[in-house]
Every structure is written in structure tokens, then in C-alpha cells.
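protein_25.pdb (PDB, C-alpha atoms, pLDDT in the B column) appears below.
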MODEL        1
ATOM      1  CA  MET A   1     -21.346  -3.276 -18.743  1.00 40.00           C
ATOM      2  CA  SER A   2     -17.917  -3.016 -17.112  1.00 43.00           C
ATOM      3  CA  SER A   3     -15.829   0.040 -17.869  1.00 50.00           C
ATOM      4  CA  VAL A   4     -12.596  -1.596 -16.709  1.00 46.00           C
ATOM      5  CA  PRO A   5     -10.165  -1.901 -19.667  1.00 56.00           C
ATOM      6  CA  LEU A   6      -8.532  -5.004 -18.180  1.00 67.00           C
ATOM      7  CA  SER A   7      -9.469  -8.573 -18.965  1.00 79.00           C
ATOM      8  CA  TYR A   8     -10.155 -11.259 -16.370  1.00 89.00           C
ATOM      9  CA  LYS A   9      -9.267 -13.927 -18.911  1.00 86.00           C
ATOM     10  CA  GLY A  10      -6.951 -16.570 -17.501  1.00 86.00           C
ATOM     11  CA  HIS A  11      -7.896 -15.962 -13.884  1.00 90.00           C
ATOM     12  CA  ARG A  12      -9.092 -19.050 -12.043  1.00 90.00           C
ATOM     13  CA  TYR A  13     -11.375 -17.110  -9.718  1.00 93.00           C
ATOM     14  CA  PRO A  14     -14.514 -15.282 -10.885  1.00 93.00           C
ATOM     15  CA  VAL A  15     -14.665 -11.496 -11.015  1.00 93.00           C
ATOM     16  CA  GLU A  16     -16.921 -11.395  -7.941  1.00 94.00           C
ATOM     17  CA  ILE A  17     -14.150 -12.904  -5.788  1.00 95.00           C
ATOM     18  CA  ILE A  18     -11.406 -10.735  -7.296  1.00 96.00           C
ATOM     19  CA  SER A  19     -13.309  -7.469  -6.949  1.00 96.00           C
ATOM     20  CA  HIS A  20     -14.393  -8.324  -3.407  1.00 96.00           C
ATOM     21  CA  CYS A  21     -10.798  -8.937  -2.296  1.00 97.00           C
ATOM     22  CA  VAL A  22      -9.664  -5.669  -3.878  1.00 97.00           C
ATOM     23  CA  TRP A  23     -12.562  -3.868  -2.176  1.00 96.00           C
ATOM     24  CA  LEU A  24     -11.664  -5.323   1.227  1.00 96.00           C
ATOM     25  CA  TYR A  25      -8.014  -4.310   0.924  1.00 95.00           C
ATOM     26  CA  PHE A  26      -8.576  -0.724  -0.200  1.00 94.00           C
ATOM     27  CA  ARG A  27     -11.674  -0.043   1.883  1.00 93.00           C
ATOM     28  CA  PHE A  28     -10.443  -1.281   5.280  1.00 92.00           C
ATOM     29  CA  PRO A  29      -7.032  -1.137   7.010  1.00 91.00           C
ATOM     30  CA  LEU A  30      -6.305  -4.797   6.281  1.00 92.00           C
ATOM     31  CA  SER A  31      -3.171  -6.651   5.258  1.00 92.00           C
ATOM     32  CA  TYR A  32      -3.148  -9.134   2.399  1.00 94.00           C
ATOM     33  CA  ARG A  33      -3.013 -11.976   4.926  1.00 95.00           C
ATOM     34  CA  GLU A  34      -6.038 -10.592   6.764  1.00 96.00           C
ATOM     35  CA  VAL A  35      -7.970 -10.480   3.490  1.00 96.00           C
ATOM     36  CA  GLU A  36      -6.910 -14.090   2.953  1.00 97.00           C
ATOM     37  CA  ASP A  37      -8.330 -15.010   6.389  1.00 97.00           C
ATOM     38  CA  LEU A  38     -11.617 -13.212   5.747  1.00 96.00           C
ATOM     39  CA  MET A  39     -12.076 -15.058   2.463  1.00 97.00           C
ATOM     40  CA  LEU A  40     -11.172 -18.369   4.116  1.00 96.00           C
ATOM     41  CA  GLU A  41     -13.928 -17.791   6.684  1.00 95.00           C
ATOM     42  CA  ARG A  42     -16.328 -17.551   3.727  1.00 93.00           C
ATOM     43  CA  GLY A  43     -15.037 -20.792   2.252  1.00 94.00           C
ATOM     44  CA  VAL A  44     -12.883 -19.192  -0.453  1.00 95.00           C
ATOM     45  CA  LEU A  45      -9.292 -20.483  -0.602  1.00 95.00           C
ATOM     46  CA  VAL A  46      -7.027 -17.723  -1.929  1.00 96.00           C
ATOM     47  CA  SER A  47      -3.447 -16.898  -0.910  1.00 96.00           C
ATOM     48  CA  HIS A  48      -2.284 -13.490   0.287  1.00 96.00           C
ATOM     49  CA  GLU A  49       0.129 -13.329  -2.648  1.00 97.00           C
ATOM     50  CA  THR A  50      -2.765 -13.771  -5.070  1.00 96.00           C
ATOM     51  CA  VAL A  51      -4.629 -10.953  -3.305  1.00 97.00           C
ATOM     52  CA  ARG A  52      -1.522  -8.761  -3.672  1.00 95.00           C
ATOM     53  CA  ARG A  53      -1.342  -9.430  -7.417  1.00 95.00           C
ATOM     54  CA  TRP A  54      -5.054  -8.671  -7.858  1.00 96.00           C
ATOM     55  CA  CYS A  55      -4.708  -5.365  -6.015  1.00 95.00           C
ATOM     56  CA  ALA A  56      -1.680  -4.411  -8.099  1.00 93.00           C
ATOM     57  CA  LYS A  57      -3.348  -5.355 -11.391  1.00 93.00           C
ATOM     58  CA  PHE A  58      -6.915  -4.160 -10.882  1.00 95.00           C
ATOM     59  CA  GLY A  59      -6.788  -1.559  -8.101  1.00 95.00           C
ATOM     60  CA  GLN A  60      -5.745   1.386 -10.250  1.00 94.00           C
ATOM     61  CA  ALA A  61      -8.143   0.423 -13.050  1.00 94.00           C
ATOM     62  CA  TYR A  62     -11.052   0.329 -10.608  1.00 96.00           C
ATOM     63  CA  ALA A  63     -10.001   3.679  -9.131  1.00 94.00           C
ATOM     64  CA  ASN A  64      -9.781   5.283 -12.583  1.00 93.00           C
ATOM     65  CA  ALA A  65     -13.214   3.988 -13.524  1.00 93.00           C
ATOM     66  CA  LEU A  66     -14.724   5.417 -10.337  1.00 93.00           C
ATOM     67  CA  ARG A  67     -13.048   8.790 -10.931  1.00 89.00           C
ATOM     68  CA  ARG A  68     -14.501   8.993 -14.430  1.00 89.00           C
ATOM     69  CA  ARG A  69     -17.983   8.710 -12.930  1.00 89.00           C
ATOM     70  CA  ARG A  70     -17.522  11.556 -10.499  1.00 86.00           C
ATOM     71  CA  PRO A  71     -18.852  15.032 -11.237  1.00 83.00           C
ATOM     72  CA  ARG A  72     -16.399  17.751 -12.167  1.00 86.00           C
ATOM     73  CA  PRO A  73     -14.347  18.987  -9.204  1.00 87.00           C
ATOM     74  CA  GLY A  74     -15.568  21.977  -7.251  1.00 88.00           C
ATOM     75  CA  ASP A  75     -14.114  25.416  -7.774  1.00 91.00           C
ATOM     76  CA  LYS A  76     -12.511  25.672  -4.330  1.00 92.00           C
ATOM     77  CA  TRP A  77      -9.371  23.573  -3.865  1.00 92.00           C
ATOM     78  CA  HIS A  78      -7.661  22.807  -0.570  1.00 90.00           C
ATOM     79  CA  LEU A  79      -3.976  21.842  -0.727  1.00 91.00           C
ATOM     80  CA  ASP A  80      -1.829  20.456   2.041  1.00 88.00           C
ATOM     81  CA  GLU A  81       1.379  18.498   2.547  1.00 88.00           C
ATOM     82  CA  VAL A  82       2.461  16.170   5.363  1.00 86.00           C
ATOM     83  CA  PHE A  83       5.669  14.287   5.957  1.00 87.00           C
ATOM     84  CA  ILE A  84       5.767  10.509   5.752  1.00 87.00           C
ATOM     85  CA  LYS A  85       8.576   8.084   6.500  1.00 86.00           C
ATOM     86  CA  ILE A  86       9.640   5.741   3.698  1.00 88.00           C
ATOM     87  CA  ASN A  87      12.368   3.307   4.724  1.00 85.00           C
ATOM     88  CA  GLY A  88      13.287   5.703   7.493  1.00 84.00           C
ATOM     89  CA  GLU A  89      13.669   8.705   5.164  1.00 88.00           C
ATOM     90  CA  ARG A  90      11.439  11.762   5.383  1.00 90.00           C
ATOM     91  CA  LYS A  91       9.339  12.446   2.288  1.00 91.00           C
ATOM     92  CA  TYR A  92       6.360  14.728   1.721  1.00 91.00           C
ATOM     93  CA  LEU A  93       2.885  13.707   0.634  1.00 91.00           C
ATOM     94  CA  TRP A  94       1.084  16.500  -1.236  1.00 92.00           C
ATOM     95  CA  ARG A  95      -2.692  16.266  -1.466  1.00 90.00           C
ATOM     96  CA  ALA A  96      -5.461  18.350  -3.048  1.00 91.00           C
ATOM     97  CA  VAL A  97      -9.192  18.053  -2.342  1.00 90.00           C
ATOM     98  CA  ASP A  98     -12.164  20.155  -3.382  1.00 89.00           C
ATOM     99  CA  GLN A  99     -14.711  21.755  -1.050  1.00 87.00           C
ATOM    100  CA  ASP A 100     -16.702  18.492  -0.939  1.00 83.00           C
ATOM    101  CA  GLY A 101     -13.700  16.489   0.220  1.00 81.00           C
ATOM    102  CA  ASN A 102     -13.157  14.706  -3.116  1.00 84.00           C
ATOM    103  CA  VAL A 103      -9.490  13.852  -3.591  1.00 87.00           C
ATOM    104  CA  LEU A 104      -8.190  15.573  -6.732  1.00 90.00           C
ATOM    105  CA  ASP A 105      -4.631  14.264  -6.696  1.00 90.00           C
ATOM    106  CA  ILE A 106      -1.782  13.091  -4.475  1.00 90.00           C
ATOM    107  CA  LEU A 107       1.968  13.238  -5.060  1.00 92.00           C
ATOM    108  CA  VAL A 108       4.949  12.002  -3.046  1.00 92.00           C
ATOM    109  CA  GLN A 109       8.005  14.282  -3.275  1.00 93.00           C
ATOM    110  CA  ASN A 110      11.357  14.654  -1.571  1.00 92.00           C
ATOM    111  CA  ARG A 111      10.916  18.330  -0.691  1.00 91.00           C
ATOM    112  CA  ARG A 112       8.309  20.937   0.025  1.00 91.00           C
ATOM    113  CA  ASP A 113      10.022  23.901  -1.629  1.00 93.00           C
ATOM    114  CA  LYS A 114       8.891  26.141  -4.480  1.00 94.00           C
ATOM    115  CA  ALA A 115       9.870  23.616  -7.173  1.00 95.00           C
ATOM    116  CA  ALA A 116       7.876  20.865  -5.465  1.00 94.00           C
ATOM    117  CA  ALA A 117       4.815  23.108  -5.091  1.00 94.00           C
ATOM    118  CA  ARG A 118       5.086  24.226  -8.714  1.00 95.00           C
ATOM    119  CA  ARG A 119       5.274  20.627  -9.897  1.00 95.00           C
ATOM    120  CA  PHE A 120       2.208  19.701  -7.873  1.00 95.00           C
ATOM    121  CA  PHE A 121       0.229  22.702  -9.178  1.00 95.00           C
ATOM    122  CA  ARG A 122       1.008  21.824 -12.799  1.00 95.00           C
ATOM    123  CA  ARG A 123       0.236  18.148 -12.316  1.00 94.00           C
ATOM    124  CA  LEU A 124      -3.033  19.051 -10.608  1.00 93.00           C
ATOM    125  CA  LEU A 125      -4.175  21.336 -13.446  1.00 93.00           C
ATOM    126  CA  LYS A 126      -3.270  18.726 -16.057  1.00 92.00           C
ATOM    127  CA  ARG A 127      -4.988  15.837 -14.304  1.00 89.00           C
ATOM    128  CA  THR A 128      -8.216  17.643 -13.470  1.00 89.00           C
ATOM    129  CA  GLY A 129      -8.449  19.619 -16.701  1.00 89.00           C
ATOM    130  CA  ALA A 130      -9.960  22.449 -14.661  1.00 90.00           C
ATOM    131  CA  VAL A 131      -8.937  25.746 -13.090  1.00 92.00           C
ATOM    132  CA  PRO A 132     -10.265  26.567  -9.609  1.00 93.00           C
ATOM    133  CA  ARG A 133     -11.825  29.820  -8.487  1.00 93.00           C
ATOM    134  CA  VAL A 134      -9.835  29.829  -5.262  1.00 93.00           C
ATOM    135  CA  VAL A 135      -6.955  27.823  -3.800  1.00 92.00           C
ATOM    136  CA  ILE A 136      -6.650  27.436  -0.027  1.00 91.00           C
ATOM    137  CA  THR A 137      -3.346  26.417   1.564  1.00 90.00           C
ATOM    138  CA  ASP A 138      -1.544  26.659   4.856  1.00 86.00           C
ATOM    139  CA  GLN A 139       1.092  29.344   5.365  1.00 86.00           C
ATOM    140  CA  LEU A 140       3.968  27.505   3.681  1.00 88.00           C
ATOM    141  CA  ARG A 141       5.622  30.153   1.494  1.00 90.00           C
ATOM    142  CA  SER A 142       6.313  27.678  -1.299  1.00 93.00           C
ATOM    143  CA  TYR A 143       2.615  27.717  -2.176  1.00 92.00           C
ATOM    144  CA  GLY A 144       2.545  31.459  -2.705  1.00 92.00           C
ATOM    145  CA  ALA A 145       5.670  31.477  -4.875  1.00 93.00           C
ATOM    146  CA  ALA A 146       4.429  28.612  -7.057  1.00 94.00           C
ATOM    147  CA  HIS A 147       0.926  30.072  -7.244  1.00 93.00           C
ATOM    148  CA  ARG A 148       2.229  33.352  -8.682  1.00 93.00           C
ATOM    149  CA  GLU A 149       3.999  31.424 -11.462  1.00 93.00           C
ATOM    150  CA  VAL A 150       1.459  28.746 -12.364  1.00 94.00           C
ATOM    151  CA  MET A 151      -1.993  30.245 -11.715  1.00 92.00           C
ATOM    152  CA  PRO A 152      -1.667  33.963 -10.894  1.00 93.00           C
ATOM    153  CA  SER A 153      -5.286  34.713 -11.879  1.00 93.00           C
ATOM    154  CA  VAL A 154      -6.650  32.310  -9.236  1.00 93.00           C
ATOM    155  CA  GLU A 155      -7.409  33.685  -5.774  1.00 94.00           C
ATOM    156  CA  HIS A 156      -5.048  32.306  -3.132  1.00 93.00           C
ATOM    157  CA  ARG A 157      -6.020  32.173   0.534  1.00 90.00           C
ATOM    158  CA  SER A 158      -3.216  31.253   2.915  1.00 86.00           C
ATOM    159  CA  HIS A 159      -4.475  30.470   6.397  1.00 75.00           C
ATOM    160  CA  LYS A 160      -3.997  27.387   8.542  1.00 68.00           C
ATOM    161  CA  GLY A 161      -7.488  27.578  10.036  1.00 62.00           C
ATOM    162  CA  LEU A 162      -9.154  27.465   6.608  1.00 58.00           C
ATOM    163  CA  ASN A 163      -7.455  24.267   5.511  1.00 56.00           C
ATOM    164  CA  ASN A 164      -9.025  21.656   7.779  1.00 60.00           C
ATOM    165  CA  ARG A 165     -10.642  19.957   4.773  1.00 57.00           C
ATOM    166  CA  ALA A 166      -7.283  18.917   3.327  1.00 58.00           C
ATOM    167  CA  GLU A 167      -5.774  18.091   6.721  1.00 59.00           C
ATOM    168  CA  ASN A 168      -8.676  15.782   7.578  1.00 65.00           C
ATOM    169  CA  SER A 169      -8.242  14.055   4.227  1.00 62.00           C
ATOM    170  CA  HIS A 170      -4.844  12.777   5.406  1.00 68.00           C
ATOM    171  CA  GLN A 171      -6.366  10.726   8.227  1.00 75.00           C
ATOM    172  CA  PRO A 172      -7.235   7.565   6.232  1.00 79.00           C
ATOM    173  CA  THR A 173      -3.679   7.556   4.843  1.00 78.00           C
ATOM    174  CA  ARG A 174      -2.225   7.756   8.338  1.00 79.00           C
ATOM    175  CA  GLN A 175      -4.485   4.877   9.361  1.00 80.00           C
ATOM    176  CA  ARG A 176      -3.202   2.735   6.490  1.00 83.00           C
ATOM    177  CA  GLU A 177       0.388   3.723   7.209  1.00 80.00           C
ATOM    178  CA  ARG A 178       0.047   2.337  10.732  1.00 80.00           C
ATOM    179  CA  ALA A 179      -1.700  -0.822   9.526  1.00 78.00           C
ATOM    180  CA  MET A 180       1.021  -1.439   6.921  1.00 78.00           C
ATOM    181  CA  LYS A 181       3.761  -0.753   9.514  1.00 75.00           C
ATOM    182  CA  GLY A 182       5.199   1.997   7.365  1.00 76.00           C
ATOM    183  CA  PHE A 183       5.852   2.436   3.677  1.00 83.00           C
ATOM    184  CA  ARG A 184       8.816   0.855   1.898  1.00 83.00           C
ATOM    185  CA  SER A 185       9.359   2.692  -1.389  1.00 87.00           C
ATOM    186  CA  VAL A 186       8.351   5.955  -3.043  1.00 87.00           C
ATOM    187  CA  CYS A 187       6.975   4.189  -6.118  1.00 88.00           C
ATOM    188  CA  GLY A 188       5.044   1.751  -3.946  1.00 87.00           C
ATOM    189  CA  VAL A 189       3.509   4.563  -1.877  1.00 88.00           C
ATOM    190  CA  GLN A 190       2.529   6.547  -4.981  1.00 90.00           C
ATOM    191  CA  ARG A 191       1.006   3.468  -6.598  1.00 91.00           C
ATOM    192  CA  PHE A 192      -0.914   2.405  -3.493  1.00 91.00           C
ATOM    193  CA  LEU A 193      -2.225   5.875  -2.614  1.00 90.00           C
ATOM    194  CA  SER A 194      -3.274   6.574  -6.201  1.00 91.00           C
ATOM    195  CA  ALA A 195      -5.573   3.537  -6.131  1.00 93.00           C
ATOM    196  CA  PHE A 196      -6.518   4.003  -2.475  1.00 92.00           C
ATOM    197  CA  SER A 197      -7.581   7.646  -2.969  1.00 89.00           C
ATOM    198  CA  GLY A 198      -9.830   6.576  -5.836  1.00 90.00           C
ATOM    199  CA  ILE A 199     -11.505   3.587  -4.185  1.00 93.00           C
ATOM    200  CA  SER A 200     -11.716   4.289  -0.449  1.00 90.00           C
ATOM    201  CA  PRO A 201     -13.522   7.686  -0.655  1.00 88.00           C
ATOM    202  CA  HIS A 202     -16.212   6.108  -2.845  1.00 91.00           C
ATOM    203  CA  PHE A 203     -17.374   4.186   0.250  1.00 92.00           C
ATOM    204  CA  ARG A 204     -16.593   6.839   2.887  1.00 86.00           C
ATOM    205  CA  LEU A 205     -19.699   8.965   3.230  1.00 85.00           C
ATOM    206  CA  ARG A 206     -20.089  11.736   5.768  1.00 79.00           C
ATOM    207  CA  ARG A 207     -22.350   9.490   7.765  1.00 81.00           C
ATOM    208  CA  HIS A 208     -22.828  11.931  10.650  1.00 82.00           C
ATOM    209  CA  LEU A 209     -24.686  14.237   8.248  1.00 82.00           C
ATOM    210  CA  MET A 210     -27.111  11.550   7.015  1.00 88.00           C
ATOM    211  CA  THR A 211     -30.018   9.631   8.454  1.00 93.00           C
ATOM    212  CA  ALA A 212     -29.635   5.860   8.657  1.00 93.00           C
ATOM    213  CA  PRO A 213     -32.116   5.163   5.790  1.00 93.00           C
ATOM    214  CA  ASP A 214     -30.419   7.745   3.563  1.00 93.00           C
ATOM    215  CA  TYR A 215     -27.011   6.274   4.342  1.00 92.00           C
ATOM    216  CA  ARG A 216     -28.125   2.741   3.453  1.00 94.00           C
ATOM    217  CA  THR A 217     -29.756   3.933   0.237  1.00 95.00           C
ATOM    218  CA  GLU A 218     -26.649   5.821  -0.857  1.00 94.00           C
ATOM    219  CA  MET A 219     -24.370   2.888  -0.003  1.00 94.00           C
ATOM    220  CA  THR A 220     -26.592   0.574  -2.049  1.00 95.00           C
ATOM    221  CA  VAL A 221     -26.141   2.920  -5.004  1.00 94.00           C
ATOM    222  CA  ARG A 222     -22.399   3.009  -4.504  1.00 93.00           C
ATOM    223  CA  PHE A 223     -22.123  -0.757  -4.335  1.00 95.00           C
ATOM    224  CA  ALA A 224     -24.098  -0.935  -7.592  1.00 94.00           C
ATOM    225  CA  VAL A 225     -21.620   1.464  -9.198  1.00 94.00           C
ATOM    226  CA  TRP A 226     -18.757  -0.660  -7.898  1.00 95.00           C
ATOM    227  CA  ASP A 227     -20.282  -3.769  -9.457  1.00 94.00           C
ATOM    228  CA  GLN A 228     -20.644  -1.913 -12.757  1.00 92.00           C
ATOM    229  CA  VAL A 229     -17.040  -0.703 -12.934  1.00 93.00           C
ATOM    230  CA  THR A 230     -15.613  -4.067 -11.850  1.00 93.00           C
ATOM    231  CA  GLY A 231     -17.962  -6.198 -13.955  1.00 90.00           C
ATOM    232  CA  ALA A 232     -19.224  -8.139 -10.929  1.00 85.00           C
ATOM    233  CA  THR A 233     -22.830  -9.277 -10.865  1.00 77.00           C
ATOM    234  CA  ALA A 234     -23.292 -10.543  -7.309  1.00 60.00           C
ATOM    235  CA  ARG A 235     -21.767 -10.444  -3.865  1.00 59.00           C
ATOM    236  CA  PRO A 236     -19.469 -13.453  -3.233  1.00 56.00           C
ATOM    237  CA  THR A 237     -20.946 -16.160  -1.014  1.00 55.00           C
ATOM    238  CA  ALA A 238     -19.487 -19.023   0.940  1.00 49.00           C
ATOM    239  CA  ALA A 239     -18.620 -22.100  -1.099  1.00 48.00           C
TER
ENDMDL
END
What would the structure in this file look like if it were written as C-alpha cells?
Amino acid sequence: MSSVPLSYKGHRYPVEIISHCVWLYFRFPLSYREVEDLMLERGVLVSHETVRRWCAKFGQAYANALRRRRPRPGDKWHLDEVFIKINGERKYLWRAVDQDGNVLDILVQNRRDKAAARRFFRRLLKRTGAVPRVVITDQLRSYGAAHREVMPSVEHRSHKGLNNRAENSHQPTRQRERAMKGFRSVCGVQRFLSAFSGISPHFRLRRHLMTAPDYRTEMTVRFAVWDQVTGATARPTAA
């Protein structure tokens, strides 16, 4: 049974088409118009604006359902922040991942000072419902100041060379930023990345560490989970 709390009632297209379009958009660096073209090649007539509405309505629900199926986060958290341009203004994207590379949370903020770090720490603890054994950050002093206030009992390691896990996690976001020709609003970035960080990693395995048969088996499992959370029963086919 589907675990998505949203209803497909009133939609002209079946759930298999809707979920497939949402999957294409969040899994690959595609625009809404490119998703429209891919569906047209399969004989499915759907406008880019309809794809946009589906992604806005169902993307976050799918991401939340996938997150609920994940195991509890690891006890070693990597935190990092990078600047992004939104309408020409510099903002900062804060990200936390565990030792397995699972995205714990993301947050777009105007600054990267102590107050911003403290806010991210508190949001992270609330959303995960867990306390890590160790937190690893770069050498930004804001992390240390916020850490002493919010989670002083947690070990804090501050070293740029130890934080490659979080830095590598930014790469898919940078790829999407280029494909989307930049971001346009803070709310839009937060909304997109919240869904993107829940859906895209579900299909991004560390393929270089797996044999081809193991990779195909695991991807089959993950597609089955996707069908369960979206309520789809079959892959869409050409009309």
C-alpha cells in the first residue's frame, strides 16, 4: 500500500505517469520541458507546466515517505556550508550528512555566523530526533561557538581534511544549479532541495564499490520501494 498522504483523485493521468515524471525530474538534471519531451517520446502527452505542478505537489511527500523508510542516522555527522547565488545575491547552503553519506538536513541561510550555525544545529537535532557521537566540520569558527551552546557533550572535530563526505554531498546540488541556470528565490531553493535531497540519494548508490549484479539487484529493490511509496504498480509504457 502507498504511504503517501496525498490523494491522486481528480488527476487525469494515472499514478504511474505522475510518479515517473517526478522521478525523472528529481533523479536527473532535467528541466520540466525536457521531462515533457521524454514523455512525448514515449507517447505520453503532458505539458511542462503539469510536470511542474506534480513535482510541487508530490515531490516532498515522496521524499518524506522515503526518509521514513531509512534506518536511523549514523552517530558521526559531517556538516558543511557552501555559498550559492540566488537572484544574484550570495546565500549559504548548510548541509549535514552521516558517515554513510545519507543527507540529514539542508538549510538555506543569509549568513554563516554563530547564530546561523546554532539555528542549523537545533533544527538538525529536532528533525533527526537523535544526538550524534561526534560532529565533524571544517574550521569555520561559527561551528565551534554554536557547538558549545547546543551540544557541548558531543565530540567536535574541526578539520578540513576530515570533511570530504559533506563536501562531496554538495556536488549533485551544484549539478542541478547549473542545469536550472541558477536559483531564483530562497523559498524555492529550500523547497526544491528538501525534496531533491530525499529522492535523488535513494537512487544514487556508490556504484564503484559494487559489482554489476549487486548494483542491479539493489536498484531493483529501490525501484520497488519507490513504487510502494508512490502507489504505482507498473512502469509507464508508450501509448
Please identify every residue of region 61-91 of chain A that has at least one atom no farther than 12 Å from an atom of region 181-205 of chain A, counting all atoms listed in the file, and for each give the shortest atom pair and the distance in Å to one decimal, arranged by chain then increasing number, as a Markdown table.
| residue | atom | partner | partner_atom | distance |
| --- | --- | --- | --- | --- |
| A:Ala61 | CA | A:Ala195 | CA | 8.0 |
| A:Tyr62 | CA | A:Ile199 | CA | 7.2 |
| A:Ala63 | CA | A:Gly198 | CA | 4.4 |
| A:Asn64 | CA | A:Gly198 | CA | 6.9 |
| A:Ala65 | CA | A:Gly198 | CA | 8.8 |
| A:Leu66 | CA | A:Gly198 | CA | 6.7 |
| A:Arg67 | CA | A:Gly198 | CA | 6.4 |
| A:Arg68 | CA | A:Gly198 | CA | 10.1 |
| A:Arg69 | CA | A:His202 | CA | 10.6 |
| A:Arg70 | CA | A:His202 | CA | 9.5 |
| A:Ile84 | CA | A:Phe183 | CA | 8.3 |
| A:Lys85 | CA | A:Phe183 | CA | 6.9 |
| A:Ile86 | CA | A:Phe183 | CA | 5.0 |
| A:Asn87 | CA | A:Arg184 | CA | 5.2 |
| A:Gly88 | CA | A:Arg184 | CA | 8.6 |
| A:Glu89 | CA | A:Arg184 | CA | 9.8 |
| A:Arg90 | CA | A:Val186 | CA | 10.7 |
| A:Lys91 | CA | A:Val186 | CA | 8.5 |
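Atom pair CA of Gln175 (chain A) / CA of Lys114 (chain A): separated by 28.7 Å.
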Q. Just how far from CA of Arg222 (chain A) is CA of Asp98 (chain A), in Å to one decimal?
A.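 Taking CA of Asp98 (chain A) as the start and CA of Arg222 (chain A) as the end point, the length is 20.0 Å.
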(Q) When the PyMOL selection byres ((chain A and resi 120) around 10) is applied to the structure above, which residues does it catch, written out as a list of chain:residue names? (A)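 Selected by the PyMOL selection byres ((chain A and resi 120) around 10) in this file: A:Leu79, A:Trp94, A:Arg95, A:Ala96, A:Asp105, A:Ile106, A:Leu107, A:Val108, A:Gln109, A:Lys114, A:Ala115, A:Ala116, A:Ala117, A:Arg118, A:Arg119, A:Phe121, A:Arg122, A:Arg123, A:Leu124, A:Leu125, A:Lys126, A:Tyr143, A:Ala146.
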Let me see the file: selected residues, C-alpha atoms, as a PDB file, in the frame of the given file.
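In the end it all went to again-v8.pdb:
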ATOM      1  CA  LEU A  79      -3.976  21.842  -0.727  1.00 91.00           C
ATOM      2  CA  TRP A  94       1.084  16.500  -1.236  1.00 92.00           C
ATOM      3  CA  ARG A  95      -2.692  16.266  -1.466  1.00 90.00           C
ATOM      4  CA  ALA A  96      -5.461  18.350  -3.048  1.00 91.00           C
ATOM      5  CA  ASP A 105      -4.631  14.264  -6.696  1.00 90.00           C
ATOM      6  CA  ILE A 106      -1.782  13.091  -4.475  1.00 90.00           C
ATOM      7  CA  LEU A 107       1.968  13.238  -5.060  1.00 92.00           C
ATOM      8  CA  VAL A 108       4.949  12.002  -3.046  1.00 92.00           C
ATOM      9  CA  GLN A 109       8.005  14.282  -3.275  1.00 93.00           C
ATOM     10  CA  LYS A 114       8.891  26.141  -4.480  1.00 94.00           C
ATOM     11  CA  ALA A 115       9.870  23.616  -7.173  1.00 95.00           C
ATOM     12  CA  ALA A 116       7.876  20.865  -5.465  1.00 94.00           C
ATOM     13  CA  ALA A 117       4.815  23.108  -5.091  1.00 94.00           C
ATOM     14  CA  ARG A 118       5.086  24.226  -8.714  1.00 95.00           C
ATOM     15  CA  ARG A 119       5.274  20.627  -9.897  1.00 95.00           C
ATOM     16  CA  PHE A 121       0.229  22.702  -9.178  1.00 95.00           C
ATOM     17  CA  ARG A 122       1.008  21.824 -12.799  1.00 95.00           C
ATOM     18  CA  ARG A 123       0.236  18.148 -12.316  1.00 94.00           C
ATOM     19  CA  LEU A 124      -3.033  19.051 -10.608  1.00 93.00           C
ATOM     20  CA  LEU A 125      -4.175  21.336 -13.446  1.00 93.00           C
ATOM     21  CA  LYS A 126      -3.270  18.726 -16.057  1.00 92.00           C
ATOM     22  CA  TYR A 143       2.615  27.717  -2.176  1.00 92.00           C
ATOM     23  CA  ALA A 146       4.429  28.612  -7.057  1.00 94.00           C
TER      24      ALA A 146
END
Q | Test item: the PyMOL selection byres ((chain A and resi 21-32) around 6) resolved as a VMD selection string | A | chain A and resid 18 to 20 33 to 35 48 55 176 179 196 200
Closest contacts (region 33-118 of chain A/region 128-137 of chain A, max 7 Å, all atoms listed in the file) as CSV:
residue,atom,partner,partner_atom,distance
A:Asp75,CA,A:Pro132,CA,4.4
A:Lys76,CA,A:Val134,CA,5.0
A:Trp77,CA,A:Val135,CA,4.9
A:His78,CA,A:Ile136,CA,4.8
A:Leu79,CA,A:Thr137,CA,5.2
A:Asp80,CA,A:Thr137,CA,6.2
Taking (-18.4, -4.2, -5.5) as a centre in this file's frame and 8 Å as the limit, can you find every polymer residue with an atom that close, using all atoms listed in the file, and give them as a compact mmCIF listing (two decimals) with C-alpha atoms, in the coordinates of the input?
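Printed below is out32.txt as written:
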# COMPACT_ATOMS: atom_id res chain seq x y z
CA GLU A 16 -16.92 -11.40 -7.94
CA SER A 19 -13.31 -7.47 -6.95
CA HIS A 20 -14.39 -8.32 -3.41
CA TRP A 23 -12.56 -3.87 -2.18
CA PHE A 223 -22.12 -0.76 -4.34
CA ALA A 224 -24.10 -0.94 -7.59
CA VAL A 225 -21.62 1.46 -9.20
CA TRP A 226 -18.76 -0.66 -7.90
CA ASP A 227 -20.28 -3.77 -9.46
CA GLN A 228 -20.64 -1.91 -12.76
CA THR A 230 -15.61 -4.07 -11.85
CA ALA A 232 -19.22 -8.14 -10.93
CA ARG A 235 -21.77 -10.44 -3.86
Using the file's own x, y and z axes, what box holds all listed atoms of region 117-133 of chain A with 6 Å on each side, keeping edges along x, y and z, and what are its centre and edge lengths in Å to one decimal, as JSON?
{"center_x": -3.3, "center_y": 22.8, "center_z": -10.9, "size_x": 29.1, "size_y": 26.0, "size_z": 23.6}
Q: Please indicate the distance in Å from CA of Gln60 (chain A) to CA of Arg127 (chain A), rounded to one decimal place.
A: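 Separation of CA of Gln60 (chain A) and CA of Arg127 (chain A): 15.0 Å.
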Q: Compare A:Gln99, A:Val229, A:Glu36, A:Leu104 by their minimum atom-to-atom distance to Glu49 (chain A), counting all atoms listed in the file, and give me the closest one.
A: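 With all atoms listed in the file as the atom set, the closest residue is A:Glu36.
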Q. So which one's closest to Val51 (chain A), A:Asn110, A:Glu81, A:Tyr215, A:Ile17? Using only C-alpha atoms, please.
A.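 Comparing A:Asn110, A:Glu81, A:Tyr215, A:Ile17 against Val51 (chain A), the winner is A:Ile17.
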With all atoms listed in the file counted and 10 Å as the cut-off, give the residues of region 38-144 of chain A in contact with region 7-14 of chain A, each with its shortest interatomic distance in Å and the pair that gives it, as JSON lines.
{"residue": "A:Val44", "atom": "CA", "partner": "A:Tyr13", "partner_atom": "CA", "distance": 9.6}
{"residue": "A:Leu45", "atom": "CA", "partner": "A:Tyr13", "partner_atom": "CA", "distance": 9.9}
{"residue": "A:Val46", "atom": "CA", "partner": "A:Tyr13", "partner_atom": "CA", "distance": 8.9}
{"residue": "A:Trp54", "atom": "CA", "partner": "A:His11", "partner_atom": "CA", "distance": 9.9}
{"residue": "A:Phe58", "atom": "CA", "partner": "A:Tyr8", "partner_atom": "CA", "distance": 9.5}
